[in-house]
Structures are given as C-alpha cells and as structure tokens.
Amino acid sequence: MKVVLVGQPNSGKSTLFNAVAGYRSLTSNFAGTTVEYTHGKARVDGETIDLIDLPGLYSLNSANPAGVSSREFLLRNDWDVLINVVDASQLARSLELTIELLDLQAPLILCLNMMDEAARKGIVIDAKALAVALGVPVREAIAGRGQGVVETFRAAKGLYRRRPFAPPVPLCYPPELEASIEKLAYELREIRVASSGDQDTGPVLLPIDSRPSGTGVDHVVAPPTAETAGQALFPPPRFEALQLLRGDPNLLTQLGPKKAGAVRHAQAEITRHFNQPPDTVISSARHAASLNLFELVARVTRPRSDWREQADRLIMHPVLGYVFLGIVFLGFFHLVFDLGKIGETRLMTLFDSGIALLGQSLGEHSMRFALAKGALLGTAGAIANVLPYLVPFLIGLALLEDAGYLARVGYLMDAAMHRLGLHGTAMLPVLLGYGCSVPAVLATRILPSRRDRFVAACLAVLVPCSARMTVIFALVGFYLGANYALGIYALNLAIVAVAGYILTKIWPEISPGMLMEVPPYHRPSLRVVLLKTWWRLREFVIIAAPLLIAGSALLGAIEFLGWERFINTLLSPLTTLLGLPPAVGLTLVFGVLRKELSLLMLMQALGTTQVATVLTTGQILIFTLFVTFYLPCLATLATLAREIGWKLTAVASAALFVLAMVISLTARGLLHFLV
Amino acid sequence: MKAITPKTSLLTLDQARANSTLKITSISGGWGVRQNLNEVGLHVGDSIRILRKAPFGGPLMVVNHGTKVAVGRRLAAKIKVEVLR
C-alpha cells in the first residue's frame with residue numbers, strides 16, 4: 001500500500017512522517033527538478049506501508065515548483081491513499097487545500113495535527129461534524145508527541161481494505177460558478193472520450209513528455225478509452241476543469257485546440273459574470289467555503305495567554321531584535337567552534353598516531369605506505385577537520401529552524417540582504433560560510449528559487465571559512481600583524497558586497513519580494529532535529545568524503561614518486577606571476593583538497609616552520625590573499641556541484657580564480673610601489 | 001458575489017501604519033502574484049492587521065486569521081487596502 005502525505009508548509013507533515021518512518025528514509029528529486037520529496041517505509045500493525053512525503057504546498061494549483069511537481073506526482077496516480085495533514089490551529093485556511101483534494105475523488109484521510117496548538121489558541125473542533133461535512137475520515141493527532149499517529153495510518157489502511165470506496169462529495173460553489181465548472185467538466189469528458197492519439201487525450205495537466213504512454217509502465221494512468229471513460233476518469237474532469245480555469249495561463253498553450261477553446265470560453269463566461277479574473281473568483285469562493293466549513297465545525301473560545309505571544313515583542317523589535325539576533329548567532333558560533341576545536345584536536349591526535357602506526361607496519365618508504373597515508377589523511381580531513389564542526393552546526397541549524405526562529409531571522413535581515421540581491425532568509429547560508437562552506441552551501445536549500453540558491457551559494461563560498469581563517473591568522477596575522485588580518489577581512493566583506501551587486505546585475509531578482517508564513521514558536525522535537533541533521537550529514541559523507549580520500553591518496557602517490565617537481569614546473573607560470581617561489585606550487589594543489597593543508601604544506605615545501613626566513617612579508621601577503629580566494633576546497637566543490645550543477649560550479653570556480661588573480665596581482669603591484 | 005471596486009481607497013499595504021486594521025480591496029499584479037498571496041491566505045476581502053514593520057524598508061508582518069505572514073515592501077505595494085481602524 002502506498003500512502004502519500006499532503007499538507008501545507010508547517011503543518012507537521014514531516015513530523016508525522018518521521019514518527020513512523022525512520023533514518024532509512026530517502027530524499028529524492030522529482031524528475032528534472034530540484035524539488036525534493038521524502039520517501040520511506042513504515043510498519044503499522046505488522047504491515048509495511050510505502051510512505052511518500054510531498055513537499056509542503058498551499059495549493060495544487062500553484063505557481064511554485066513544489067506545487068507543480070506535487071500535482072504531477074498525484075496525477076500519475078501511482079498511490080493508494082492520501083493523508084491530508086492539517087495544522088488544526090490554522091484550520092480555516094488549511095481547509096482550502098482539503099477542498100481542492102476532494103475533487104480528486106480519491107481515498108482521502110484528514111489528519112488534524114497540532115490539536116494542542118489549536119486548544120491553546122482556543123479553537124475547539126468537532127472532528128465528527130467535519131468528517132460528515134467532508135465525507136472523509138478525520139483523525140486527531142499531536143504528531144510531535146506521537147499521539148494519533150498510528151490511528152491515522154490505521155484509518156488509511158481501513159480505507160484501502162474497503163476498496164472500492166465511495167468517493168467524497170465535491171464541494172459546491174456559488175451556482176453561477178458551479179454552472180460554468182460543470183459545463184466545462186462535461187465538455188472535457190466528452191473531448192477525452194471522443195478523441196484519441198492527439199493532444200486532447202490524457203490528463204493534460206501533466207507536461208506532454210511525461211504523460212503516461214500506456215505501455216510497459218506500471219501503475220500509470222491508462223489513456224481513457226471508450227469503455228473506461230464511462231465510469232471513473234482520472235483525474236476527474238471536474239478536477240481538471242477547476243485546475244484549468246484557475247490555472248497558470250501558460251498551461252493553456254499546452255492544450256489541444258478543442259480543450260483550450262472550451263477552457264477559454266468558460267473563463268470568459270466567469271470573467272463576464274463576476275467582473276474578476278477566474279482564478280480570483282475560484283480562490284475567493286474556495287476561501288469563503290472553507291470559512292463557512294470552519295464555522296460549521298469549530299468554535300473559537302478565548303485563547304490561553306502564552307509567553308509566545310509576548311516573545312515576538314522582543315525578538316522582532318526594531319532594535320532589541322537585532323541585539324538578540326547578534327547574541328544568538330555569537331553564541332551559536334562559539335558553541336560550534338569550541339565544540340569543533342575539541343573534537344578536531346582529539347581526533348587529529350588519534351589519526352596522527354594511526355599514521356605513525358601505519359609507517360611502522362608498512363615501512364616508511366613504500367608506495368603502499370604513501371597511498372595508505374594519503375587515504376588516511378583524506379579520511380582524517382573528512383572526519384577530524386570537517387565533522388566536528390559540521391555536526392554541531394547542523395544540529396544547531398535544525399534546532400533554530402524547528403523552533404521557528406529562522407523565519408524571524410529572515411524577516412529581520414530582509415532589508416539588509418536585499419542590498420546583496422537576496423532575501424532575508426539567505427542571511428543564514430552566508431553566515432554559515434564563516435564556519436565551513438560545506439554546510440553553508442547545503443543550507444542554501446532553504447531558499448525557494450534556483451537563482452537565490454545560486455547567488456547565496458556563491459556568496460557563502462566567498463566568505464572565508466574557518467580553515468581559511470586559520471591560514472590568514474597563522475600567516476598574515478602572525479607575520480604581518482593583526483591589522484593586516486583584519487584588513488583581509490574587510491576586503492573580503494567588500495568583495496562579498498560587490499559580488500552580490502554584480503550577480504544581481506547579471507541575474508536579477510525575479511520574485512517581487514518576501515512572502516513567507518511566520519510559524520509560531522514551538523519546542524523542537526529531538527527526533528526531527530536528529531533526522532534532519534542526519535539527512536544533511538549524509539550528503540557530505542556520500543559526496544565529499546570519497547573525493548577527499550581518493551584525492552589525498554593520489555597526492556600521497558605523487559609525492560612518493562617525486563612528481564611534485566613536475567607539478568611545480570607546471571604551475572611555475574602562476575607562481576612566477578605572483579612572485580612566489582616555485583616550491584609553493586604543490587601547496588596550492590593541496591589547498592584545493594583542504595584549505596588548511598596549504599599552510600602545513602607550505603611549511604613542508606619550504607622545509608621550515610619559520611616562513612618569514614624564506615618568504616618576504618609581501619610574498620606572505622600575496623600567498624594568503626591568493627589562497628583565501630582562488631578556489632573552494634574539494635568538499636565544497638562537490639557540494640556546490642550537487643546543489644547548483646557542475647556547469648555553474650565550473651563558472652563560479654573560474655570567476656573565483658580570476659578574482660584571486662586580480663586581487664593578488666593588484667596587491668603585488670601596490671606593494672611594488674609602496675615598498 | 002459583487003465585484004469590489006478600489007475607487008475609494010488609494011492606499012497600498014506598504015503605506016499603511018503599523019497596528020492598523022485593513023481590508024484588502026484589490027491585488028494588482030499578474031496570476032503568479034495573486035496565486036502566491038492566496039496561498040499564504042491573503043485574499044481580496046480579507047481583514048488583516050499590520051503587526052509591525054521591519055526597519056530600513058524591510059518587510060511587514062501582517063496577521064490574518066491568526067496566521068502571521070511576512071510581506072516584502074515591493075509586494076505590499078501591489079496590495080490595495082482600505083483602512084478599517
């Protein structure tokens with residue numbers, strides 16, 4: 001049995017999902033999109049259920065990719081029961097999606113989640129009356145505490161066992177509107193039955209190329225034939241009619257001539273009658289219907305007063321809100337770095353002794369040792385240098401997100417971030433960049449559009465991560481003084497601002513501005529936080545770690561074979577141009593593996609820990625500037641590629657390289673004149 | 001259902017004061033804008049209240065049927081409102 005969870009964002013859908021499906025769940029992208037959904041298996045009363053968690057959506061008739069992909073998924077009809085998860089404290093608004101789902105005429109369960117939140121708001125819901133009004137089973141739940149979860153899935157199983165089921169009664173709209181809808185539905189049915197082979201067949205709401213062909217593919221909608229058309233067509237013509245009437249104007253261009261004609265005619269009829277665009281008429285009618293339904297089944301009593309009502313006075317205050325934000329992030333960063341530092345030191349000691357042990361057992365001067373040492377160093381890079389920071393980072397991020405604070409950060413930072421061509425929500429990935437670029441790039445997922453994700457990822461990578469910070473402080477800070485180190489920081493900030501400005505010029509913001517629901521605060525659920533952390537962590541482990549290990553082993557071999565001279569010669573045009581000794585060449589390659597390696601390798605390559613005896617202060621400055629900007633590390637590159645694609649990653653890397661050259665050469669020129 | 005004409009109101013949401021209660025009279029903007037606003041529960045005819053406005057031209061926070069929504073200024077300029085209180 002395949003069960004699909006549908007619901008609006010913040011309805012606690014994923015909490016319900018996580019309450020039964022576990023860490024083995026997978027996230028996948030809908031074909032050809034970046035829209036993600038989660039799927040997994042759950043056991044309910046000894047029976048295994050396939051569970052699919054669609055992205056949160058307000059309507060199937062949506063302008064955003066999540067809505068479009070979810071609609072396409074539902075129309076493929078490869079599922080058995082729908083569970084509509086609803087935030088009971090937002091019942092009036094949530095019912096709009098429920099009403100839309102009713103028109104699918106498919107097995108549907110309504111799960112009234114967050115009943116505790118509703119009670120707090122003073123909303124008393126008569127679940128039985130709601131079930132009668134909608135004609136679907138209704139279950140109450142508090143998924144965060146595991147209440148009502150099993151009951152909901154039992155109801156789904158019950159509905160599945162009693163097939164064929166009686167379809168729910170679709171909701172009626174005002175008579176004039178209803179007439180137009182039913183007329184169009186009738187026409188669409190006729191067209192679907194009569195025609196075959198041309199564009200007028202099949203569920204038109206699917207893109208043409210992904211429409212089921214009817215051959216060889218399991219579970220897809222068979223194109224309607226004269227025999228099947230008499231009874232249940234899927235999607236029901238009424239659903240199709242409503243979607244088309246209210247839908248994206250672009251959808252009409254994909255229709256066959258007969259259908260498009262019928263839809264245009266009906267739209268004109270509605271516009272003439274109501275003097276408003278059809279989508280406004282239908283959504284207003286649906287809105288009114290949900291409000292009526294709400295009044296029928298729910299009573300609103302006095303809300304219990306609560307600290308949460310007062311918290312926003314401080315947290316979103318025009319002055320104190322920013323102070324609070326500063327404290328939260330300072331605390332967050334300190335905690336992460338202090339924890340990370342402890343973990344890193346302990347783990348590095350462990351790996352160092354491991355390498356020493358390896359040297360004893362394999363012999364210091366063998367190819368096997370070189371390879372194994374390289375691989376072990378790579379593993380150390382992944383486990384000891386990245387994970388100690390990444391794990392607390394991701395836990396903290398999930399905590400802030402689940403508690404509802406991230407949305408508020410977005411609100412507070414929106415004005416400032418718009419200067420960089422981004423929404424307020426993008427502040428987080430960019431800030432995370434100061435820690436480690438990998439989680440920063442992963443965090444761009446919280447942004448809605450591809451363009452925003454790209455710009456935020458670029459800016460996040462430009463911000464110096466802790467590894468680059470180490471290089472800056474250990475070289476420039478140590479040999480040239482703290483003011484120079486701060487100068488590099490200031491320069492970096494200016495470059496981030498300019499880069500944001502340029503990226504916005506190249507790829508302007510398309511969205512008209514922020515529009516975001518601000519969820520109520522709630523206590524984060526440990527299970528959700530840990531699962532979220534694990535899913536984000538898994539990306540790093542799968543993509544970046546193997547590259548790090550393999551790359552490290554390769555470099556170990558290169559070193560063993562003495563090929564570093566070739567690499568240094570190969571890179572000599574670059575090093576000469578920058579005015580650096582040729583021995584520095586290999587360190588730049590190592591820097592791509594892990595930024596802090598360029599520091600260690602610099603000392604190794606120059607044969608001294610007293611860098612100032614070999615390099616002039618000018619050379620140290622140029623080297624640091626170049627290393628700070630030239631390329632993100634391999635782990636970041638792999639993550640970037642995963643998030644924005646290889647092509648854009650290549651473009652961004654090339655741009656960064658050019659930027660690093662320009663900065664370093666400018667610095668060299670300036671130093672030449674000044675010194 | 002009657003068409004709602006915005007003749008009497010020249011105010012847009014971004015111009016309204018914090019803590020005022022307003023009625024949405026019309027939404028100027030294409031299908032996408034209307035759709036996005038409907039999705040977060042903002043419809044023509046709804047009564048909303050501005051809870052606060054973020055400084056430096058940041059977004060507005062409005063509350064509608066108990067749901068809090070952050071609306072950017074540029075988007076708010078597309079929403080015509082009538083001041084109720």
# chains A, B, ... in the order shown; residues from 1 in each chain; ligands from 1
>>> residues_around(residues="Phe56 of chain B", least_positions_apart="3", cutoff="12 Å", atoms="only C-alpha atoms", output="CSV table (one decimal) with C-alpha atoms, in the first residue's frame")
chain,number,residue,atom,x,y,z
A,318,PRO,CA,13.4,47.0,15.6
A,319,VAL,CA,16.4,47.5,17.9
A,411,TYR,CA,12.2,38.9,8.5
A,412,LEU,CA,14.8,41.0,10.4
A,413,MET,CA,17.5,40.6,7.8
A,414,ASP,CA,15.4,41.1,4.7
A,415,ALA,CA,16.3,44.8,4.2
A,416,ALA,CA,20.0,44.3,4.5
A,417,MET,CA,20.1,41.2,2.4
A,418,HIS,CA,18.3,42.9,-0.4
A,419,ARG,CA,21.3,45.1,-0.9
B,53,LYS,CA,7.2,46.9,10.1
B,59,PRO,CA,9.1,43.5,5.3
B,60,LEU,CA,5.8,44.0,7.1
B,72,GLY,CA,8.1,42.4,1.4
B,73,ARG,CA,7.5,46.1,0.7
>>> closest_atom_pairs(of="chain B", to="chain A", cutoff="6 Å", atoms="only C-alpha atoms", output="Markdown table")
| residue | atom | partner | partner_atom | distance |
| --- | --- | --- | --- | --- |
| B:Ala3 | CA | A:Asn275 | CA | 5.9 |
| B:Gly32 | CA | A:Ala63 | CA | 5.8 |
| B:Glu39 | CA | A:Tyr58 | CA | 5.2 |
| B:Phe56 | CA | A:Ala415 | CA | 6.0 |
| B:Gly57 | CA | A:Ala415 | CA | 5.9 |
| B:Gly58 | CA | A:Ala415 | CA | 4.3 |
| B:Lys68 | CA | A:Val518 | CA | 5.2 |
| B:Val69 | CA | A:Glu517 | CA | 4.3 |
| B:Ala70 | CA | A:Met516 | CA | 5.2 |
| B:Val71 | CA | A:Leu515 | CA | 4.7 |
| B:Gly72 | CA | A:Met514 | CA | 4.4 |
| B:Arg74 | CA | A:Gly513 | CA | 5.9 |
| B:Leu75 | CA | A:Gly513 | CA | 5.6 |
>>> write_last_selection(atoms="N, CA and C atoms", output="PDB file, in the first residue's frame")
ATOM      1  N   ALA B   3     -18.397  42.527  -7.575  1.00  0.00           N
ATOM      2  CA  ALA B   3     -17.028  42.932  -7.823  1.00  0.00           C
ATOM      3  C   ALA B   3     -16.678  44.043  -6.846  1.00  0.00           C
ATOM      4  N   GLY B  32       0.612  35.024 -11.092  1.00  0.00           N
ATOM      5  CA  GLY B  32       1.555  34.485 -10.117  1.00  0.00           C
ATOM      6  C   GLY B  32       1.451  35.195  -8.772  1.00  0.00           C
ATOM      7  N   GLU B  39      -2.093  31.741  -1.564  1.00  0.00           N
ATOM      8  CA  GLU B  39      -1.532  30.558  -0.922  1.00  0.00           C
ATOM      9  C   GLU B  39      -1.202  30.784   0.539  1.00  0.00           C
ATOM     10  N   PHE B  56      14.444  49.937   8.033  1.00  0.00           N
ATOM     11  CA  PHE B  56      15.227  50.054   6.783  1.00  0.00           C
ATOM     12  C   PHE B  56      14.475  49.513   5.574  1.00  0.00           C
ATOM     13  N   GLY B  57      13.187  49.746   5.526  1.00  0.00           N
ATOM     14  CA  GLY B  57      12.447  49.281   4.356  1.00  0.00           C
ATOM     15  C   GLY B  57      12.322  47.782   4.278  1.00  0.00           C
ATOM     16  N   GLY B  58      12.390  47.111   5.407  1.00  0.00           N
ATOM     17  CA  GLY B  58      12.226  45.658   5.447  1.00  0.00           C
ATOM     18  C   GLY B  58      10.763  45.280   5.330  1.00  0.00           C
ATOM     19  N   LYS B  68       0.536  34.464  10.873  1.00  0.00           N
ATOM     20  CA  LYS B  68       1.441  35.584  10.665  1.00  0.00           C
ATOM     21  C   LYS B  68       2.173  35.402   9.339  1.00  0.00           C
ATOM     22  N   VAL B  69       2.188  36.465   8.555  1.00  0.00           N
ATOM     23  CA  VAL B  69       2.851  36.403   7.256  1.00  0.00           C
ATOM     24  C   VAL B  69       3.774  37.603   7.116  1.00  0.00           C
ATOM     25  N   ALA B  70       4.994  37.368   6.648  1.00  0.00           N
ATOM     26  CA  ALA B  70       5.915  38.455   6.343  1.00  0.00           C
ATOM     27  C   ALA B  70       5.774  38.803   4.868  1.00  0.00           C
ATOM     28  N   VAL B  71       5.525  40.085   4.580  1.00  0.00           N
ATOM     29  CA  VAL B  71       5.332  40.532   3.197  1.00  0.00           C
ATOM     30  C   VAL B  71       6.354  41.619   2.893  1.00  0.00           C
ATOM     31  N   GLY B  72       7.156  41.423   1.854  1.00  0.00           N
ATOM     32  CA  GLY B  72       8.143  42.423   1.444  1.00  0.00           C
ATOM     33  C   GLY B  72       7.447  43.697   0.976  1.00  0.00           C
ATOM     34  N   ARG B  74       7.939  45.652  -1.592  1.00  0.00           N
ATOM     35  CA  ARG B  74       7.596  45.765  -3.018  1.00  0.00           C
ATOM     36  C   ARG B  74       6.325  44.995  -3.329  1.00  0.00           C
ATOM     37  N   LEU B  75       6.163  43.858  -2.647  1.00  0.00           N
ATOM     38  CA  LEU B  75       4.960  43.062  -2.844  1.00  0.00           C
ATOM     39  C   LEU B  75       3.771  43.761  -2.187  1.00  0.00           C
TER      40      LEU B  75
END
>>> residues_around(residues="Leu51 of chain B", least_positions_apart="2", cutoff="7 Å", atoms="only C-alpha atoms", output="PDB file with N, CA and C atoms, in the first residue's frame")
ATOM      1  N   ALA B  18       1.652  50.785  11.112  1.00  0.00           N
ATOM      2  CA  ALA B  18       1.684  49.581  11.942  1.00  0.00           C
ATOM      3  C   ALA B  18       0.510  49.618  12.910  1.00  0.00           C
ATOM      4  N   ASN B  19       0.022  48.437  13.250  1.00  0.00           N
ATOM      5  CA  ASN B  19      -1.105  48.291  14.177  1.00  0.00           C
ATOM      6  C   ASN B  19      -2.445  48.721  13.622  1.00  0.00           C
ATOM      7  N   ARG B  49      -4.316  42.721   9.889  1.00  0.00           N
ATOM      8  CA  ARG B  49      -3.762  43.739  10.770  1.00  0.00           C
ATOM      9  C   ARG B  49      -2.254  43.760  10.581  1.00  0.00           C
ATOM     10  N   MET B  61       4.956  42.634   8.872  1.00  0.00           N
ATOM     11  CA  MET B  61       4.358  41.406   9.376  1.00  0.00           C
ATOM     12  C   MET B  61       2.877  41.658   9.556  1.00  0.00           C
ATOM     13  N   VAL B  62       2.081  40.872   8.851  1.00  0.00           N
ATOM     14  CA  VAL B  62       0.637  41.032   8.975  1.00  0.00           C
ATOM     15  C   VAL B  62       0.054  39.763   9.574  1.00  0.00           C
ATOM     16  N   VAL B  63      -1.096  39.918  10.221  1.00  0.00           N
ATOM     17  CA  VAL B  63      -1.749  38.749  10.779  1.00  0.00           C
ATOM     18  C   VAL B  63      -3.145  38.653  10.170  1.00  0.00           C
TER      19      VAL B  63
END
>>> atom_distance(atom1="atom CA of Ala641 of chain A", atom2="atom CA of Thr533 of chain A")
20.5 Å
>>> closest_residue(among="A:Leu95, A:Ile383, A:Leu314, A:Ala456", to="Leu347 of chain A", atoms="only C-alpha atoms")
A:Ile383
>>> select_by_dssp(residues="chain B", states="strand (DSSP E or B)", output="VMD selection string")
chain B and resid 11 to 12 21 to 27 47 to 53 60 to 64 67 to 71 79 to 83
>>> residues_around(residues="Leu10 of chain B", least_positions_apart="6", cutoff="9 Å", atoms="only C-alpha atoms", output="PyMOL selection string")
chain B and resi 80-82
>>> residues_around(residues="Val44 of chain B", least_positions_apart="4", cutoff="9 Å", atoms="only C-alpha atoms", output="CSV table (one decimal) with C-alpha atoms, in the first residue's frame")
chain,number,residue,atom,x,y,z
A,280,THR,CA,-9.6,35.2,-8.2
A,284,SER,CA,-12.3,33.6,-3.3
B,4,ILE,CA,-15.1,45.0,-5.4
B,23,LYS,CA,-9.3,45.3,4.4
B,24,ILE,CA,-7.8,44.0,1.1
B,25,THR,CA,-9.7,45.7,-1.7
B,26,SER,CA,-7.7,44.5,-4.7
B,27,ILE,CA,-4.4,43.0,-5.7
B,38,ASN,CA,-3.8,33.4,-1.9
>>> residues_around(residues="Leu242 of chain A", least_positions_apart="6", cutoff="9 Å", atoms="only C-alpha atoms", output="ChimeraX atom specification")
/A:100,103,181,184-185,282
>>> atom_distance(atom1="atom CA of Thr301 of chain A", atom2="atom CA of His43 of chain B")
24.6 Å
>>> select_by_dssp(residues="segment 380-508 of chain A", states="alpha helix (DSSP H)", output="ChimeraX atom specification")
/A:380,387-403,405-419,427-432,437-443,450-462,466-471,478-479,482-506
>>> atom_distance(atom1="atom CA of Thr649 of chain A", atom2="atom CA of Ile663 of chain A")
20.8 Å
